[in-house]
Every structure is written in C-alpha cells, then in structure tokens.
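The data block below is entry-v6.cif; it holds mmCIF, C-alpha atoms.
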```
data_model
#
loop_
_atom_site.label_atom_id
_atom_site.label_comp_id
_atom_site.auth_asym_id
_atom_site.auth_seq_id
_atom_site.Cartn_x
_atom_site.Cartn_y
_atom_site.Cartn_z
CA MET A 1 24.97 -5.08 -0.33
CA GLU A 2 27.45 -7.79 -1.33
CA GLN A 3 28.76 -7.81 2.24
CA GLU A 4 25.26 -8.31 3.63
CA ARG A 5 24.58 -11.07 1.08
CA THR A 6 27.71 -12.89 2.21
CA LYS A 7 26.72 -12.55 5.87
CA SER A 8 23.24 -13.90 5.27
CA GLN A 9 24.47 -16.92 3.35
CA SER A 10 27.22 -18.00 5.76
CA ARG A 11 25.99 -19.40 9.07
CA GLU A 12 29.52 -19.70 10.42
CA GLN A 13 30.09 -15.98 9.96
CA THR A 14 26.73 -14.91 11.34
CA ALA A 15 25.99 -17.32 14.19
CA GLN A 16 27.02 -14.77 16.81
CA ASN A 17 24.95 -11.79 15.69
CA VAL A 18 22.31 -12.81 13.16
CA HIS A 19 19.05 -14.51 14.03
CA VAL A 20 18.70 -17.24 11.39
CA TYR A 21 15.32 -19.03 11.57
CA ASP A 22 16.65 -22.45 10.53
CA ASP A 23 14.60 -24.45 13.03
CA HIS A 24 11.43 -22.53 12.25
CA TYR A 25 11.59 -23.39 8.57
CA LYS A 26 12.06 -27.11 9.19
CA GLN A 27 8.31 -27.27 9.73
CA ALA A 28 5.84 -27.25 6.87
CA ARG A 29 4.02 -23.91 6.74
CA ILE A 30 0.37 -23.36 5.85
CA TYR A 31 0.18 -20.07 4.00
CA VAL A 32 -3.53 -20.15 3.12
CA ARG A 33 -6.23 -22.27 4.75
CA GLU A 34 -8.58 -24.31 2.58
CA LEU A 35 -12.30 -23.50 2.80
CA ALA A 36 -14.40 -26.48 1.71
CA SER A 37 -18.01 -27.57 2.10
CA ASN A 38 -20.49 -30.01 0.58
CA ARG A 39 -23.16 -27.35 0.79
CA TYR A 40 -23.64 -23.93 -0.77
CA THR A 41 -24.11 -22.32 2.62
CA LEU A 42 -21.10 -22.00 4.93
CA THR A 43 -23.14 -20.92 7.95
CA GLY A 44 -22.54 -24.15 9.84
CA GLU A 45 -18.79 -24.09 9.34
CA ARG A 46 -18.58 -20.46 10.41
CA ARG A 47 -20.76 -20.93 13.48
CA GLU A 48 -18.74 -23.93 14.64
CA ARG A 49 -15.53 -21.93 14.38
CA VAL A 50 -16.70 -18.80 16.18
CA THR A 51 -18.41 -20.76 18.94
CA THR A 52 -15.62 -23.23 19.69
CA VAL A 53 -12.39 -21.25 19.23
CA PRO A 54 -11.19 -19.08 22.16
CA ARG A 55 -11.18 -15.37 21.33
CA VAL A 56 -8.68 -14.43 24.05
CA TRP A 57 -5.35 -16.16 24.62
CA THR A 58 -1.83 -15.35 25.82
CA PRO A 59 0.92 -15.78 23.22
CA THR A 60 4.24 -16.84 24.71
CA LEU A 61 7.34 -14.91 23.75
CA GLY A 62 10.46 -16.89 24.58
CA GLU A 63 14.06 -15.78 24.81
CA GLY A 64 15.77 -18.25 22.50
CA LEU A 65 16.67 -18.39 18.85
CA SER A 66 14.86 -21.63 17.98
CA LEU A 67 11.32 -22.96 17.88
CA LYS A 68 11.15 -22.42 21.62
CA GLU A 69 10.88 -18.72 20.94
CA ASN A 70 7.16 -19.15 20.14
CA TRP A 71 6.97 -15.94 18.16
CA ASN A 72 3.80 -16.75 16.24
CA ILE A 73 0.47 -15.16 17.25
CA ILE A 74 -2.02 -15.70 14.40
CA ASP A 75 -1.63 -17.34 11.02
CA PRO A 76 -3.64 -19.72 8.79
CA GLY A 77 -1.71 -22.73 10.06
CA ASP A 78 -2.89 -22.39 13.64
CA GLU A 79 -4.26 -25.63 15.07
CA GLN A 80 -7.19 -23.60 16.37
CA PHE A 81 -7.85 -21.71 13.15
CA ARG A 82 -9.26 -18.22 13.60
CA THR A 83 -8.53 -16.10 10.57
CA GLN A 84 -6.32 -15.57 7.57
CA SER A 85 -7.14 -11.92 6.98
CA LEU A 86 -4.01 -11.05 8.97
CA HIS A 87 -0.80 -12.78 10.03
CA LEU A 88 0.61 -11.56 13.37
CA HIS A 89 3.84 -12.49 15.08
CA PHE A 90 6.58 -11.08 17.28
CA VAL A 91 10.07 -10.25 16.09
CA VAL A 92 12.79 -10.39 18.72
CA ILE A 93 16.16 -8.87 17.87
CA GLN A 94 18.86 -9.87 20.31
CA PRO A 95 21.37 -7.31 21.69
CA ASN A 96 23.89 -6.21 19.09
CA GLY A 97 22.18 -8.38 16.49
CA ARG A 98 19.90 -8.47 13.49
CA ASN A 99 17.87 -11.00 11.55
CA ASP A 100 19.03 -12.35 8.20
CA GLY A 101 18.23 -10.20 5.18
CA HIS A 102 15.19 -11.21 3.14
CA GLY A 103 12.41 -9.89 0.93
CA HIS A 104 8.74 -10.62 0.27
CA GLN A 105 5.96 -9.15 -1.83
CA ASN A 106 3.56 -8.60 1.06
CA GLU A 107 3.97 -5.47 3.16
CA ALA A 108 4.38 -5.61 6.95
CA LEU A 109 3.51 -3.18 9.74
CA PHE A 110 5.74 -3.19 12.85
CA TYR A 111 4.88 -1.68 16.22
CA VAL A 112 7.91 -1.39 18.50
CA LEU A 113 7.04 -2.78 21.93
CA GLU A 114 10.47 -2.36 23.48
CA GLY A 115 13.97 -1.32 22.53
CA ASN A 116 15.54 0.88 19.89
CA GLY A 117 17.06 0.00 16.54
CA TYR A 118 16.77 0.56 12.83
CA GLU A 119 15.49 -1.03 9.66
CA THR A 120 17.65 -1.44 6.59
CA HIS A 121 15.37 -1.26 3.54
CA ASP A 122 16.83 -1.51 0.06
CA GLY A 123 20.19 -0.41 1.48
CA LYS A 124 18.89 2.60 3.44
CA ASP A 125 18.60 2.83 7.23
CA TYR A 126 15.44 3.93 9.08
CA PRO A 127 15.84 4.41 12.88
CA TRP A 128 13.00 3.44 15.23
CA HIS A 129 12.25 3.60 18.96
CA THR A 130 9.74 2.18 21.43
CA GLY A 131 6.24 3.34 20.48
CA ASP A 132 7.02 3.85 16.78
CA ALA A 133 5.16 2.21 13.90
CA VAL A 134 7.33 1.03 11.01
CA ALA A 135 6.36 0.22 7.43
CA VAL A 136 8.00 -2.53 5.38
CA HIS A 137 6.64 -1.77 1.92
CA ASN A 138 5.84 -4.27 -0.82
CA ASP A 139 8.87 -5.86 -2.52
CA CYS A 140 11.34 -4.53 0.04
CA VAL A 141 14.69 -6.18 0.78
CA HIS A 142 15.13 -5.63 4.50
CA TRP A 143 16.50 -6.70 7.85
CA HIS A 144 15.91 -5.52 11.41
CA ASN A 145 18.84 -4.28 13.48
CA ASN A 146 19.39 -3.81 17.22
CA PRO A 147 22.69 -2.03 17.98
CA ASP A 148 22.11 -1.98 21.76
CA PRO A 149 24.83 -4.17 23.35
CA GLU A 150 22.66 -5.18 26.32
CA LYS A 151 18.91 -4.92 25.65
CA ARG A 152 16.78 -6.86 23.18
CA ALA A 153 14.23 -5.22 20.90
CA VAL A 154 10.71 -6.62 20.46
CA CYS A 155 8.25 -5.70 17.72
CA LEU A 156 4.66 -6.74 17.04
CA VAL A 157 4.27 -7.50 13.33
CA MET A 158 0.90 -7.21 11.56
CA LYS A 159 0.63 -8.07 7.88
CA PRO A 160 -1.96 -9.12 5.26
CA LYS A 161 0.36 -11.89 4.05
CA PRO A 162 -2.24 -14.70 3.57
CA LEU A 163 -4.26 -12.46 1.24
CA SER A 164 -1.14 -11.46 -0.70
CA LEU A 165 -0.15 -15.10 -1.22
CA PHE A 166 -3.71 -16.08 -2.14
CA LEU A 167 -3.60 -13.38 -4.83
CA GLY A 168 -0.41 -14.85 -6.30
CA LEU A 169 2.13 -12.43 -4.78
CA THR A 170 4.40 -15.31 -3.84
CA PHE A 171 7.92 -14.06 -4.57
CA GLN A 172 9.92 -14.19 -1.33
CA GLY A 173 13.34 -15.34 -0.23
CA LYS A 174 16.60 -14.49 1.48
CA ILE A 175 19.21 -12.20 0.00
CA GLY A 176 20.83 -13.98 -2.92
CA THR A 177 17.58 -15.51 -4.25
CA LYS A 178 17.48 -15.51 -8.06
CA PRO A 179 16.30 -17.81 -10.88
CA ALA A 180 18.17 -21.12 -10.81
CA ASP A 181 18.28 -21.06 -14.62
CA GLU A 182 19.72 -17.56 -14.71
CA ASP A 183 21.01 -17.94 -18.27
CA GLN A 184 17.42 -18.21 -19.57
CA TRP A 185 16.54 -14.69 -18.42
CA GLU A 186 17.46 -11.19 -19.52
CA PRO A 187 19.81 -9.14 -17.30
CA ARG A 188 18.08 -7.81 -14.20
CA THR A 189 16.32 -4.45 -14.26
CA GLU A 190 14.60 -2.24 -11.66
CA TRP A 191 11.47 -3.74 -10.05
CA LEU A 192 8.79 -1.23 -11.05
CA THR A 193 5.30 -2.64 -10.60
CA ALA A 194 4.89 -1.92 -6.85
CA ARG A 195 6.27 1.60 -6.83
CA PRO A 196 3.50 4.14 -7.54
CA GLU A 197 4.74 7.60 -8.40
CA GLY A 198 5.55 9.49 -5.20
CA ASP A 199 5.32 6.42 -2.96
CA GLU A 200 8.96 6.70 -1.99
CA PHE A 201 8.23 10.02 -0.28
CA VAL A 202 5.68 8.56 2.15
CA PRO A 203 7.31 8.08 5.60
CA LYS A 204 8.48 4.62 6.65
CA VAL A 205 8.50 5.37 10.40
CA LEU A 206 5.62 6.95 12.31
CA THR A 207 6.45 8.36 15.75
CA PRO A 208 3.99 9.04 18.61
CA ALA A 209 4.01 12.74 17.63
CA ASP A 210 2.98 12.13 14.01
CA THR A 211 -0.72 11.40 14.60
CA GLU A 212 -2.97 12.85 17.28
CA TRP A 213 -5.08 11.16 19.91
CA GLN A 214 -8.75 11.72 19.20
CA TRP A 215 -12.01 11.05 21.01
CA THR A 216 -14.19 9.01 18.68
CA GLU A 217 -17.44 7.12 19.08
CA PHE A 218 -15.38 4.04 19.95
CA GLY A 219 -13.19 5.88 22.46
CA HIS A 220 -9.75 7.47 22.76
CA VAL A 221 -7.74 6.32 19.74
CA ARG A 222 -4.67 7.23 17.70
CA GLN A 223 -4.48 5.94 14.14
CA ILE A 224 -1.07 4.48 13.27
CA ALA A 225 -1.81 2.86 9.89
CA GLY A 226 -4.55 3.28 7.33
CA LYS A 227 -6.63 6.29 6.40
CA GLY A 228 -5.27 9.47 7.95
CA ALA A 229 -1.92 8.02 9.01
CA PRO A 230 1.20 9.26 7.12
CA LEU A 231 2.83 5.84 6.89
CA ARG A 232 3.69 3.74 3.84
CA ILE A 233 1.18 0.99 4.68
CA LYS A 234 -1.76 0.08 2.44
CA GLY A 235 -3.01 -3.35 3.51
CA THR A 236 -3.45 -2.92 7.28
CA ASP A 237 -5.48 -0.52 9.39
CA ALA A 238 -4.15 -0.16 12.93
CA TYR A 239 -4.81 2.06 15.92
CA LEU A 240 -3.89 2.52 19.58
CA HIS A 241 -6.79 2.52 22.03
CA GLU A 242 -6.89 3.75 25.63
CA ILE A 243 -9.86 3.10 27.93
CA PRO A 244 -9.81 4.95 31.26
CA ALA A 245 -10.10 2.86 34.44
CA GLY A 246 -13.70 1.93 35.08
CA SER A 247 -14.85 3.12 31.67
CA ARG A 248 -15.81 1.43 28.42
CA SER A 249 -15.49 1.78 24.68
CA GLY A 250 -18.31 2.46 22.31
CA LYS A 251 -20.39 -0.40 20.98
CA ARG A 252 -19.73 -0.93 17.29
CA TRP A 253 -20.46 -3.32 14.44
CA GLN A 254 -18.12 -3.89 11.51
CA MET A 255 -17.56 -6.61 8.91
CA ALA A 256 -13.76 -6.84 9.18
CA ASP A 257 -12.38 -9.09 11.89
CA GLU A 258 -9.80 -7.64 14.23
CA ALA A 259 -6.72 -8.75 16.17
CA VAL A 260 -6.05 -6.76 19.35
CA HIS A 261 -2.98 -6.93 21.61
CA VAL A 262 -3.36 -5.78 25.22
CA LEU A 263 -0.42 -3.51 26.00
CA ASP A 264 -1.46 -2.73 29.55
CA GLY A 265 -4.38 -3.03 31.97
CA GLU A 266 -7.20 -5.54 32.24
CA GLY A 267 -10.84 -5.80 31.33
CA TYR A 268 -13.23 -7.73 29.15
CA ASP A 269 -14.98 -7.71 25.77
CA LEU A 270 -18.64 -8.30 25.04
CA HIS A 271 -19.22 -9.83 21.59
CA TRP A 272 -22.62 -10.03 19.94
CA ASP A 273 -22.38 -12.48 17.03
CA VAL A 274 -24.36 -11.63 13.91
CA GLU A 275 -26.01 -14.14 11.58
CA ALA A 276 -27.52 -13.49 8.14
CA GLU A 277 -31.11 -14.05 7.09
CA ILE A 278 -31.38 -14.13 3.31
CA ALA A 279 -34.90 -13.27 2.09
CA ASP A 280 -35.76 -10.53 -0.37
CA GLN A 281 -32.48 -8.99 0.77
CA PHE A 282 -29.82 -9.57 3.43
CA TYR A 283 -31.05 -9.12 6.99
CA ALA A 284 -29.01 -9.25 10.19
CA ARG A 285 -29.88 -11.45 13.15
CA VAL A 286 -28.01 -10.21 16.23
CA ALA A 287 -27.51 -12.56 19.17
CA LYS A 288 -29.77 -11.68 22.09
CA LYS A 289 -26.97 -12.31 24.58
CA PRO A 290 -23.29 -11.45 24.10
CA THR A 291 -20.37 -13.66 25.03
CA ARG A 292 -17.87 -12.30 27.53
CA TRP A 293 -14.10 -12.52 27.02
CA ASP A 294 -11.82 -11.43 29.89
CA TRP A 295 -8.36 -10.12 29.05
CA LYS A 296 -5.23 -8.73 30.72
CA LYS A 297 -1.84 -7.31 29.77
CA GLY A 298 -0.06 -9.53 27.24
CA ASP A 299 -3.23 -11.18 25.91
CA MET A 300 -4.48 -11.25 22.34
CA ILE A 301 -8.14 -10.68 21.47
CA TRP A 302 -9.72 -11.89 18.25
CA VAL A 303 -12.98 -10.22 17.23
CA PRO A 304 -14.52 -12.39 14.47
CA HIS A 305 -15.89 -11.02 11.23
CA ASN A 306 -19.35 -9.45 11.35
CA THR A 307 -19.37 -8.96 15.12
CA ILE A 308 -20.63 -6.24 17.46
CA VAL A 309 -18.07 -5.46 20.18
CA GLN A 310 -17.83 -3.34 23.31
CA ARG A 311 -14.74 -3.22 25.54
CA PHE A 312 -14.56 -2.53 29.30
CA SER A 313 -11.58 -1.49 31.47
CA THR A 314 -11.73 -2.98 34.98
CA GLY A 315 -8.22 -2.39 36.36
CA THR A 316 -6.91 0.40 38.58
CA GLY A 317 -5.31 2.11 35.60
CA SER A 318 -6.21 2.71 31.99
CA ALA A 319 -6.36 -0.22 29.57
CA LYS A 320 -4.06 0.25 26.59
CA LEU A 321 -4.44 -1.81 23.42
CA ILE A 322 -3.37 -1.94 19.78
CA GLY A 323 -5.83 -3.22 17.18
CA ALA A 324 -5.38 -4.20 13.55
CA SER A 325 -7.58 -5.29 10.65
CA ASN A 326 -7.13 -5.91 6.94
CA SER A 327 -7.79 -2.84 4.78
CA ILE A 328 -9.28 -4.92 1.97
CA TYR A 329 -12.73 -5.01 3.57
CA ALA A 330 -13.27 -1.30 2.98
CA GLU A 331 -12.08 -1.65 -0.61
CA LEU A 332 -14.62 -4.46 -1.14
CA GLY A 333 -17.48 -2.26 0.03
CA TYR A 334 -17.53 -3.01 3.76
CA SER A 335 -16.28 0.37 4.91
CA ARG A 336 -19.25 1.30 7.09
CA ILE A 337 -18.95 0.98 10.87
CA VAL A 338 -22.22 1.16 12.83
CA HIS A 339 -22.07 2.72 16.31
CA PHE A 340 -24.90 1.66 18.63
CA GLU A 341 -23.45 3.38 21.69
CA ASN A 342 -20.68 5.94 22.06
CA ALA A 343 -17.85 5.85 24.56
CA PRO A 344 -19.07 7.92 27.53
CA GLU A 345 -16.19 10.42 27.23
CA PHE A 346 -17.13 11.15 23.61
CA ASP A 347 -20.45 12.58 24.78
CA ASP A 348 -19.32 14.17 28.05
CA ALA A 349 -16.73 16.98 28.08
CA SER A 350 -16.07 16.61 31.82
CA LEU A 351 -15.25 12.93 31.39
CA ARG A 352 -12.93 13.74 28.49
CA ALA A 353 -11.06 16.26 30.61
CA ALA A 354 -10.70 13.79 33.48
CA ALA A 355 -9.40 11.07 31.16
CA GLY A 356 -6.38 13.08 30.01
CA GLU A 357 -4.51 13.01 26.73
CA GLY A 358 -3.56 9.36 26.35
CA PHE A 359 -0.35 7.40 26.55
CA THR A 360 2.59 7.91 24.21
CA ALA A 361 4.22 4.48 24.34
CA PRO A 362 3.55 1.05 25.82
CA PRO A 363 5.35 -0.03 28.98
CA THR A 364 8.40 -2.20 28.44
CA ALA A 365 8.01 -5.92 29.07
#
```
In structure tokens, how does this file's structure come out?
Amino acid sequence: MEQERTKSQSREQTAQNVHVYDDHYKQARIYVRELASNRYTLTGERRERVTTVPRVWTPTLGEGLSLKENWNIIDPGDEQFRTQSLHLHFVVIQPNGRNDGHGHQNEALFYVLEGNGYETHDGKDYPWHTGDAVAVHNDCVHWHNNPDPEKRAVCLVMKPKPLSLFLGLTFQGKIGTKPADEDQWEPRTEWLTARPEGDEFVPKVLTPADTEWQWTEFGHVRQIAGKGAPLRIKGTDAYLHEIPAGSRSGKRWQMADEAVHVLDGEGYDLHWDVEAEIADQFYARVAKKPTRWDWKKGDMIWVPHNTIVQRFSTGTGSAKLIGASNSIYAELGYSRIVHFENAPEFDDASLRAAAGEGFTAPPTA
C-alpha cells in the first residue's frame, strides 16, 4: 500500500503508466444542481427541461489523457442539464497502465465494454473481462488496472454519486488523504459504518454466466445490478436488453428516469410524457402523441422521470443496449412498473424461439 501511495503522489514516477486527471480537475465541478423556483409548483420548470433537452446524443470518447478525452456522459454540471439521479462516464485505461488510486463514499457500477484487466480494492485484486459488471462498493480505496501491453480497456461507469453527495457522503480523495490537523484526532481505526455483516462475501465481479437472460414484459433482458443480481451494488439498477431485428420492446411506465447506452444496432424510442393533475388525489395526464427519438450504436438515450417508453429495433441485426436507473426510487415507494403492452416475443413462443438466447458480450469498439 505504501508503494501505491508513493506512486500516486509522484507525477514524475507515474507519468508513463498512470492516468492522472490533472487537467480534468482544473475545472470547477458541479456535484449537485440547484432546483429553485418562485412558485410552489415546478411543473413549468420540468416541462421546459423535458421539451427542450435532446434525449439522444452521441458521447465522444477520445484517445488522450487530458480534457480532450471527453469521458463524461451525464452529470449535474452538464450545460444541457438532464438529471442528477445518476452520474455516467467512461473510464479508459491505457495499455500497461492504471489510473491513480483514490476513494469515495459513493459506490460505482462498471460495465466492461472492451479489454481485460483487474480492480484493486482495499489491497485485493479482482480480475474482469469484456462483458463483466464490476462493483466498487462504498468507501472503497481502488484503482483500475490494464496489464495488456497493446490494447486499451474501456468501461462504462454508472453511479448514484449526486445523491450520495446531496446526502452528505462527501469524503473522497486520492491515496494519502488524511486530516490536515492530524494531531487533533485519535489514531486511525477500521472504517465500520458502511460494512453490513456479510457484505464482504457478496461478489464484486459479475460475469455473463452469473445471471440468466429472461423474457419479460419489456423484452429480452439480463439483470446485472439490483434485485436478483449477485453483485455488491445497492444504489443502481442495471440490465442488458436485446431487441431482435424488426421487433420492439414492451411499452412501460415508471417513475425513475433511465440512462441507456446503445451497444449495437439501431432503432428509435417513443416517449409519452406524463403530467400530473392534482385534484382529490393525484391523476395522470398522458400525452396523446409520443415524441420519437432515433438512436444508433454508440448513442446515449435519456428517458425522463415519469415517462412511458417503447423501443423499436430497425437495423438488420438485433439492437443491444444497457440501461441504468437509481435504486432509490423503489425505496421511496415508486417500485411499481406499469406495462401497457408486452414485447411480442413474451406472448408468442414461436417468436421467442426464433429470437434465440441473447448476446453474451458487446462488440469491441
């Protein structure tokens, strides 16, 4: 550990093999977005946002080690603000390299898009490969390693960081961080408050064989984080979704918003926005006409809160996507998902048989 601390603190020693985000942190960061209004109702503010902000865009993943890398996807500081329920970004680990060791109180879910490597968490190594999901648990000192001498590794990172920071879970820093007035504090002890009994036995890496593909009302999905997935992740629900060529997903309504990355294929979303009518109780007012959002491989899709969505695959092959949402909505009472229409394969055994068993890993970039 002392060797890793020395490496992380000395740029001269690490410039050749450690990705240090010096340029990135020269910019001010917005961790949580202010929500302000002169009125009790926020309907106008919400409607303006969901009607003016694009719901499909193509994040750019560069090759460099500076701001040109463009590794951000969604966070509260976006100029076109969408959401702060999740923070998404890419992590690129150069050949025979790693990032600098650090720790934060929020957890993080990684999905390996390309390459092979390993995590080092609290001094222990956890190997991962393309198609794996990886958990960085709360209060974990970690760094990401790519021992391949020629090929980079790329991961999609999904985390409920804005919510964690809003709730006061703000301790974070690089290896070597400690109180500046160290003499005013007792000697250090084990960090205990985020380690429920038995938590250390929950897997940190989930492989494609660890959860099964299932036909659900929404379509062919495999859960990789959240309920039913044996992975040490609590704040993010995530799943893989495959839509056969020429087919569609189910049509569903949920309160949580969702960020979806298109791994392969092309198609479009239909979104029916939902407004509230407050009378003797809450009533829903569903838009008569949906908005259409076309997408292709490499795009991101944002489905706003309280939206009805249906997804269509229009390419010659299956569309393959990964979706994520913040688990807190279910804990706050918004666990119900309403299905207005099922995916056609869910209701038709012959269509299920023709669709096959699903993909096991995304194609490399």
List the residues selected by the PyMOL selection byres ((chain A and resi 286) around 9) in the file shown, writing them as a list in words.
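With the PyMOL selection byres ((chain A and resi 286) around 9) on this model, the match is Trp272, Asp273, Val274, Glu275, Ala276, Ala284, Arg285, Ala287, Lys288, Lys289, Thr307 and Ile308 of chain A.
Nearest-residue note for Pro304 of chain A: choosing from A:Leu240, A:Leu109, A:Leu156, A:Val260, the minimum distance belongs to A:Val260, counting only C-alpha atoms.
Residue nearest Ala194 of chain A, chosen from A:Glu114, A:Asn138, A:Ala349, A:Phe81 and counting all atoms listed in the file: A:Asn138.
Once the PyMOL selection byres ((chain A and resi 115) around 6) is applied to the shown structure, the selection contains A:Glu114, A:Asn116, A:Thr130, A:Ala153.
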Go ahead and write the residues just picked, C-alpha atoms, as a PDB file, in the coordinates of the input.
```pdb
ATOM      1  CA  GLU A 114      10.470  -2.360  23.480  1.00  0.00           C
ATOM      2  CA  ASN A 116      15.540   0.880  19.890  1.00  0.00           C
ATOM      3  CA  THR A 130       9.740   2.180  21.430  1.00  0.00           C
ATOM      4  CA  ALA A 153      14.230  -5.220  20.900  1.00  0.00           C
TER       5      ALA A 153
END
```
For the atom pair atom CA of Ile224 of chain A and atom CA of Ala330 of chain A, what is the interatomic distance in Å to one decimal place?
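These two atoms are separated by 17.0 Å.
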Given the choices A:Gly131, A:Pro344, A:Gly101, A:Pro162, which gets closest to Leu88 of chain A if the distance is worked out from all atoms listed in the file?
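With all atoms listed in the file as the atom set, the closest residue is A:Pro162.
As for atom CA of Ser85 of chain A and atom CA of Pro160 of chain A, they are spaced 6.1 Å apart.
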Which residues are close to Asn106 of chain A, i.e. within 10 Å by all atoms listed in the file, leaving aside same-chain residues fewer than 2 positions away? Reply as a PyMOL selection string.
chain A and resi 103-104+108+136-140+159-165+169-172+235
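One finds atom CA of Glu107 of chain A at 18.5 Å from atom CA of Glu190 of chain A.
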Pick out the closest residue to Arg252 of chain A from this set: A:Val134, A:Ala225, A:Val303, A:Ile73. Count only C-alpha atoms.
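Smallest separation from Arg252 of chain A among the options: A:Val303.
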Taking the file above as input, evaluate the PyMOL selection byres ((chain A and resi 196-213) around 6) and report the hits as a PyMOL selection string.
chain A and resi 132-135+195+214+221-222+231-232+360
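Comparing A:Asp183, A:Glu242, A:Asp78, A:Glu341 by their smallest distance to Gly358 of chain A, the closest is A:Glu242 (using only C-alpha atoms).
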Calculated over only C-alpha atoms, which of the candidates A:Asp294, A:Glu45, A:Glu357, A:Glu79 has the smallest distance to His220 of chain A?
A:Glu357
Starting from the block above, write segment 132-140 of chain A out to a file with all heavy atoms, as a PDB file, in the first residue's frame, please.
```pdb
ATOM      1  N   ASP A 132     -18.182  -8.150 -18.409  1.00  0.00           N
ATOM      2  CA  ASP A 132     -18.389  -8.275 -16.965  1.00  0.00           C
ATOM      3  C   ASP A 132     -18.953  -6.976 -16.392  1.00  0.00           C
ATOM      4  O   ASP A 132     -18.732  -5.891 -16.928  1.00  0.00           O
ATOM      5  CB  ASP A 132     -17.072  -8.589 -16.243  1.00  0.00           C
ATOM      6  CG  ASP A 132     -16.589 -10.011 -16.472  1.00  0.00           C
ATOM      7  OD1 ASP A 132     -17.380 -10.821 -17.008  1.00  0.00           O
ATOM      8  OD2 ASP A 132     -15.433 -10.300 -16.123  1.00  0.00           O
ATOM      9  N   ALA A 133     -19.679  -7.115 -15.281  1.00  0.00           N
ATOM     10  CA  ALA A 133     -20.078  -5.977 -14.462  1.00  0.00           C
ATOM     11  C   ALA A 133     -19.255  -6.008 -13.183  1.00  0.00           C
ATOM     12  O   ALA A 133     -19.034  -7.080 -12.611  1.00  0.00           O
ATOM     13  CB  ALA A 133     -21.571  -6.029 -14.144  1.00  0.00           C
ATOM     14  N   VAL A 134     -18.809  -4.847 -12.737  1.00  0.00           N
ATOM     15  CA  VAL A 134     -17.883  -4.760 -11.610  1.00  0.00           C
ATOM     16  C   VAL A 134     -18.415  -3.771 -10.580  1.00  0.00           C
ATOM     17  O   VAL A 134     -18.862  -2.673 -10.943  1.00  0.00           O
ATOM     18  CB  VAL A 134     -16.479  -4.320 -12.081  1.00  0.00           C
ATOM     19  CG1 VAL A 134     -15.489  -4.323 -10.913  1.00  0.00           C
ATOM     20  CG2 VAL A 134     -15.980  -5.217 -13.210  1.00  0.00           C
ATOM     21  N   ALA A 135     -18.382  -4.157  -9.324  1.00  0.00           N
ATOM     22  CA  ALA A 135     -18.856  -3.310  -8.238  1.00  0.00           C
ATOM     23  C   ALA A 135     -17.685  -2.655  -7.519  1.00  0.00           C
ATOM     24  O   ALA A 135     -16.734  -3.335  -7.120  1.00  0.00           O
ATOM     25  CB  ALA A 135     -19.668  -4.128  -7.246  1.00  0.00           C
ATOM     26  N   VAL A 136     -17.761  -1.337  -7.369  1.00  0.00           N
ATOM     27  CA  VAL A 136     -16.881  -0.602  -6.457  1.00  0.00           C
ATOM     28  C   VAL A 136     -17.765  -0.203  -5.279  1.00  0.00           C
ATOM     29  O   VAL A 136     -18.623   0.665  -5.413  1.00  0.00           O
ATOM     30  CB  VAL A 136     -16.273   0.644  -7.117  1.00  0.00           C
ATOM     31  CG1 VAL A 136     -15.397   1.404  -6.117  1.00  0.00           C
ATOM     32  CG2 VAL A 136     -15.459   0.245  -8.344  1.00  0.00           C
ATOM     33  N   HIS A 137     -17.594  -0.859  -4.148  1.00  0.00           N
ATOM     34  CA  HIS A 137     -18.509  -0.644  -3.031  1.00  0.00           C
ATOM     35  C   HIS A 137     -18.239   0.685  -2.325  1.00  0.00           C
ATOM     36  O   HIS A 137     -17.235   1.358  -2.575  1.00  0.00           O
ATOM     37  CB  HIS A 137     -18.426  -1.808  -2.041  1.00  0.00           C
ATOM     38  CG  HIS A 137     -17.069  -1.973  -1.401  1.00  0.00           C
ATOM     39  ND1 HIS A 137     -16.623  -1.154  -0.388  1.00  0.00           N
ATOM     40  CD2 HIS A 137     -16.077  -2.864  -1.626  1.00  0.00           C
ATOM     41  CE1 HIS A 137     -15.425  -1.533  -0.015  1.00  0.00           C
ATOM     42  NE2 HIS A 137     -15.061  -2.573  -0.747  1.00  0.00           N
ATOM     43  N   ASN A 138     -19.158   1.080  -1.461  1.00  0.00           N
ATOM     44  CA  ASN A 138     -18.998   2.312  -0.694  1.00  0.00           C
ATOM     45  C   ASN A 138     -17.681   2.299   0.076  1.00  0.00           C
ATOM     46  O   ASN A 138     -17.264   1.267   0.607  1.00  0.00           O
ATOM     47  CB  ASN A 138     -20.133   2.471   0.330  1.00  0.00           C
ATOM     48  CG  ASN A 138     -21.497   2.415  -0.314  1.00  0.00           C
ATOM     49  OD1 ASN A 138     -21.945   1.348  -0.707  1.00  0.00           O
ATOM     50  ND2 ASN A 138     -22.164   3.540  -0.412  1.00  0.00           N
ATOM     51  N   ASP A 139     -17.034   3.452   0.154  1.00  0.00           N
ATOM     52  CA  ASP A 139     -15.833   3.626   0.980  1.00  0.00           C
ATOM     53  C   ASP A 139     -14.730   2.638   0.591  1.00  0.00           C
ATOM     54  O   ASP A 139     -14.112   2.012   1.446  1.00  0.00           O
ATOM     55  CB  ASP A 139     -16.169   3.465   2.471  1.00  0.00           C
ATOM     56  CG  ASP A 139     -17.307   4.361   2.903  1.00  0.00           C
ATOM     57  OD1 ASP A 139     -17.426   5.462   2.356  1.00  0.00           O
ATOM     58  OD2 ASP A 139     -18.086   3.956   3.780  1.00  0.00           O
ATOM     59  N   CYS A 140     -14.494   2.509  -0.697  1.00  0.00           N
ATOM     60  CA  CYS A 140     -13.506   1.569  -1.214  1.00  0.00           C
ATOM     61  C   CYS A 140     -12.317   2.337  -1.775  1.00  0.00           C
ATOM     62  O   CYS A 140     -12.484   3.240  -2.597  1.00  0.00           O
ATOM     63  CB  CYS A 140     -14.152   0.709  -2.304  1.00  0.00           C
ATOM     64  SG  CYS A 140     -13.009  -0.399  -3.160  1.00  0.00           S
TER      65      CYS A 140
END
```
